[in-house]
Amino acid sequence: MEDVLRERLAAAGQHHVLRYWDELESAQREVFMKQVSGLDFTTLRQDFECVTALPDGQGPSCSPGDLEPPLNNFLGSVSTSDPECVQTWRQRGLLQVAAGAVGVLLLAGGQGTRLGVPYPKGMCKVGLPSGKSLYQLQAEQILQLQRLTDKVHSTTCQVPWYIMTSHHTNEPTREFFAQHNYFGLQRDNVLLFEQSMLPALTFDGKLILKDKGELAMAPDGNGGLYKALDTSGMLQDMEKRGVRNVHVYCVDNVLVRVADPVFIGFCITMAADCGAKVVEKVLPNESVGVVCRVGGLNRVVEYSELSPEDTARRDPDGRLTFRAGNICNHLFHIDFLKRVVTEHLSKLPYHVAKKKVPHVDDAGKQVKPKQPNAVKLEKFVFDVFPFAERFAVLEVIRRDEFAPLKNADGAATDTPSTARRLLLSLHQRWLENAGAILRPVCSNSSDTELADPLIQCEVSPLVSYAGEGLSELVNGRELVSPFVLEPSDGAPK
Ligand code: UTP
């Protein structure tokens with residue numbers, strides 16, 4: 001067995017990973033052998049060569065003229081559409097939820113290296129008055145959506161929550177949910193499954209030792225979802241439960257509307273097999289990927305792939321032509337997911353992410369590199385867009401629905417502080433529109449608090465899913481910051 005492995009490694013030019021073999025205990029050797037023998041070196045080499053042949057490991061850049069914006073008749077906007085139309089979308093969405101046809105799928109396998117917390121990002125609290133974590137905020141939205149639907153349709157509906165984790169995030173996520181009693185959700189409606197891992201490679205394609213008897217591995221990107229849906233049996237679970245539409249979203253948008261009935265109803269109205277929620281890109285140099293068409297096929301084109309002409313191009317009304325900013329918020333019809341899994345899996349390309357990967361050096365010492373020293377191969381969730389037959393795009397209002405959490409405090413954007421402020425400011429607008437009188441925090445504020453708004457009033461998702469139903473609770477009421485409107489505060493349970 002050991003000899004076979006040695007030969008395979010030598011043939012693949014990867015025998016250096018055995019350089020500490022003699023120092024390993026027999027149990028360590030067994031684990032290491034298992035890890036290495038699970039790798040397909042030929043495919044790994046091909047994937048590495050294919051992706052590193054591209055400039056910067058990204059997709060080919062697009063020349064002016066290649067690109068078109070999304071098709072107008074598959075485009076909707078919550079801000080410019082007739083409010084009655086938005087209401088109709090919402091009702092259609094709720095009807096789907098009532099029928100048990102909606103599932104939610106959270107992408108929570110990322111390592112969150114930029115944020116740098118030693119636990120899964122979903123467990124993060126961004127310093128809200130309630131102290132809630134991202135997982136809790138999302139779980140409570142699902143509970144509230146079920147209640148709203150039951151009230152309107154006299155049902156007892158369930159929205160299953162599929163959570164894709166990875167080797168790093170699975171156990172802590174599982175424990176966190178168990179510890180918090182699944183935040184009130186039915187335990188068998190919270191389904192965790194794991195995505196695959198791939199080895200990190202040096203810039204010349206060599207495997208990296210994380211430890212003397214362990215390879216450095218990383219999850220295969222959020223596009224690893226499709227393979228994982230198949231291998232984990234979750235796609236079959238969806239079918240068994242009668243799920244027809246799956247809302248897929250990333251863990252780190254603090255303002256995400258989980259299973260948003262407006263988005264679901266919009267996609268159903270468009271008879272879409274695949275939908276993307278987007279926010280308007282306002283500045284040409286914002287580094288956000290945009291949803292558009294290339295050669296007639298829908299795609300997300302990264303900021304770096306856009307030509308300077310397309311980046312700056314504007315419509316007659318002055319808005320950027322390529323403004324459909326992708327926020328990793330999608331709706332997939334189950335038949336589309338099945339098609340992706342059975343027909344298109346091998347067509348999904350890899351992208352390269354350059355990362356700092358800790359490793360043991362030639363002297364056997366642990367090194368934490370300051371500069372990127374490795375590439376990770378990743379698939380992206382949106383790379384299935386070209387396979388859609390009816391692709392719909394819904395533009396939503398950024399300040400209402402998008403507050404990304406990517407970086408640690410101290411960075412210029414997308415930090416716990418920026419996300420917290422965006423949530424507090426949205427809830428302030430909801431409460432003021434409902435007639436509440438909001439009082440600021442009584443504090444001389446220390447330096448760290450200075451940046452926060454003085455009004456700090458939070459609305460529990462268990463009270464309101466998206467700002468609805470608040471006036472009967474708060475109209476004319478004085479709320480002194482910091483304040484959290486919870487069901488125990490007179491709101492319906
Ligand atoms: P990001 O691309 O922001 O990556 O993920 P990340 O791992 O969270 O953070 P960095 O880049 O290391 O700082 C966007 C979404 O995709 C999920 C993340 O959990 C997040 O919800 N994701 C990412 C996965 O589920 N699996 C992956 O392999 C990568």
# chains A, B, ... in the order shown; residues from 1 in each chain; ligands from 1
$ residues_near_ligand --ligand "ligand 1" --cutoff "8 Å" --atoms "only C-alpha atoms and all ligand atoms" --output "PyMOL selection string"
chain A and resi 106-116+121+164-166+195+218-225+249-252+328+378-379+406-407
$ closest_atom_pairs --of "stretch 10-91 of chain A" --to "stretch 396-399 of chain A" --cutoff "8 Å" --atoms "only C-alpha atoms" --output "Markdown table"
| residue | atom | partner | partner_atom | distance |
| --- | --- | --- | --- | --- |
| A:Ser77 | CA | A:Val396 | CA | 6.1 |
| A:Val78 | CA | A:Val396 | CA | 5.5 |
| A:Ser79 | CA | A:Ile397 | CA | 6.8 |
$ write_last_selection --atoms "N, CA, C and O atoms" --output "short mmCIF file (atom, residue, chain, number, x, y, z; two decimals), in the first residue's frame"
data_model
loop_
_atom_site.label_atom_id
_atom_site.label_comp_id
_atom_site.auth_asym_id
_atom_site.auth_seq_id
_atom_site.Cartn_x
_atom_site.Cartn_y
_atom_site.Cartn_z
N SER A 77 -37.67 45.33 -10.94
CA SER A 77 -37.04 46.20 -9.94
C SER A 77 -38.06 46.52 -8.87
O SER A 77 -39.19 46.91 -9.18
N VAL A 78 -37.68 46.34 -7.59
CA VAL A 78 -38.66 46.62 -6.55
C VAL A 78 -38.86 48.13 -6.37
O VAL A 78 -39.88 48.57 -5.87
N SER A 79 -37.89 48.93 -6.83
CA SER A 79 -38.07 50.36 -6.62
C SER A 79 -38.83 51.03 -7.76
O SER A 79 -39.54 52.00 -7.53
#
$ select_by_dssp --residues "stretch 268-462 of chain A" --states "helix (DSSP H, G or I)" --output "PyMOL selection string"
chain A and resi 268-269+303-305+308-312+334-347+381-387+398-401+416-433+447-449
$ residues_around --residues "stretch 172-174 of chain A" --least-positions-apart "3" --cutoff "12 Å" --atoms "only C-alpha atoms" --output "VMD selection string"
chain A and resid 108 to 109 118 to 124 133 to 136 163 to 169 177 to 182 187 190 to 194
$ closest_residue --among "A:Gln28, A:Gln138, A:Thr342, A:Thr43" --to "A:Ser460" --atoms "only C-alpha atoms"
A:Gln138
$ atom_distance --atom1 "atom CA of A:Arg147" --atom2 "atom CA of A:Ala403"
25.3 Å
$ residues_around --residues "A:Asp335" --least-positions-apart "3" --cutoff "9 Å" --atoms "only C-alpha atoms" --output "VMD selection string"
chain A and resid 244 to 245 273 332 338 to 340
$ write_last_selection --atoms "N, CA and C atoms" --output "mmCIF file, in the first residue's frame"
data_model
loop_
_atom_site.group_PDB
_atom_site.id
_atom_site.type_symbol
_atom_site.label_atom_id
_atom_site.label_comp_id
_atom_site.auth_asym_id
_atom_site.auth_seq_id
_atom_site.Cartn_x
_atom_site.Cartn_y
_atom_site.Cartn_z
ATOM 1 N N ARG A 244 -39.849 22.956 -4.735
ATOM 2 C CA ARG A 244 -39.741 23.274 -6.158
ATOM 3 C C ARG A 244 -38.757 24.409 -6.411
ATOM 4 N N ASN A 245 -38.691 25.350 -5.476
ATOM 5 C CA ASN A 245 -37.801 26.508 -5.655
ATOM 6 C C ASN A 245 -36.855 26.628 -4.465
ATOM 7 N N ASP A 273 -36.133 29.556 -14.561
ATOM 8 C CA ASP A 273 -35.531 28.376 -13.931
ATOM 9 C C ASP A 273 -34.370 28.800 -13.034
ATOM 10 N N PHE A 332 -33.220 29.000 -7.558
ATOM 11 C CA PHE A 332 -33.107 27.942 -8.567
ATOM 12 C C PHE A 332 -34.333 27.045 -8.517
ATOM 13 N N LYS A 338 -31.416 19.881 -10.945
ATOM 14 C CA LYS A 338 -31.231 18.483 -11.373
ATOM 15 C C LYS A 338 -30.473 18.430 -12.700
ATOM 16 N N ARG A 339 -30.810 19.374 -13.591
ATOM 17 C CA ARG A 339 -30.117 19.414 -14.891
ATOM 18 C C ARG A 339 -28.634 19.734 -14.706
ATOM 19 N N VAL A 340 -28.370 20.685 -13.810
ATOM 20 C CA VAL A 340 -26.964 21.055 -13.566
ATOM 21 C C VAL A 340 -26.201 19.829 -13.077
#
$ closest_residue --among "A:Ser471, A:Asn329, A:Thr80, A:Ser232" --to "A:Cys274" --atoms "only C-alpha atoms"
A:Asn329
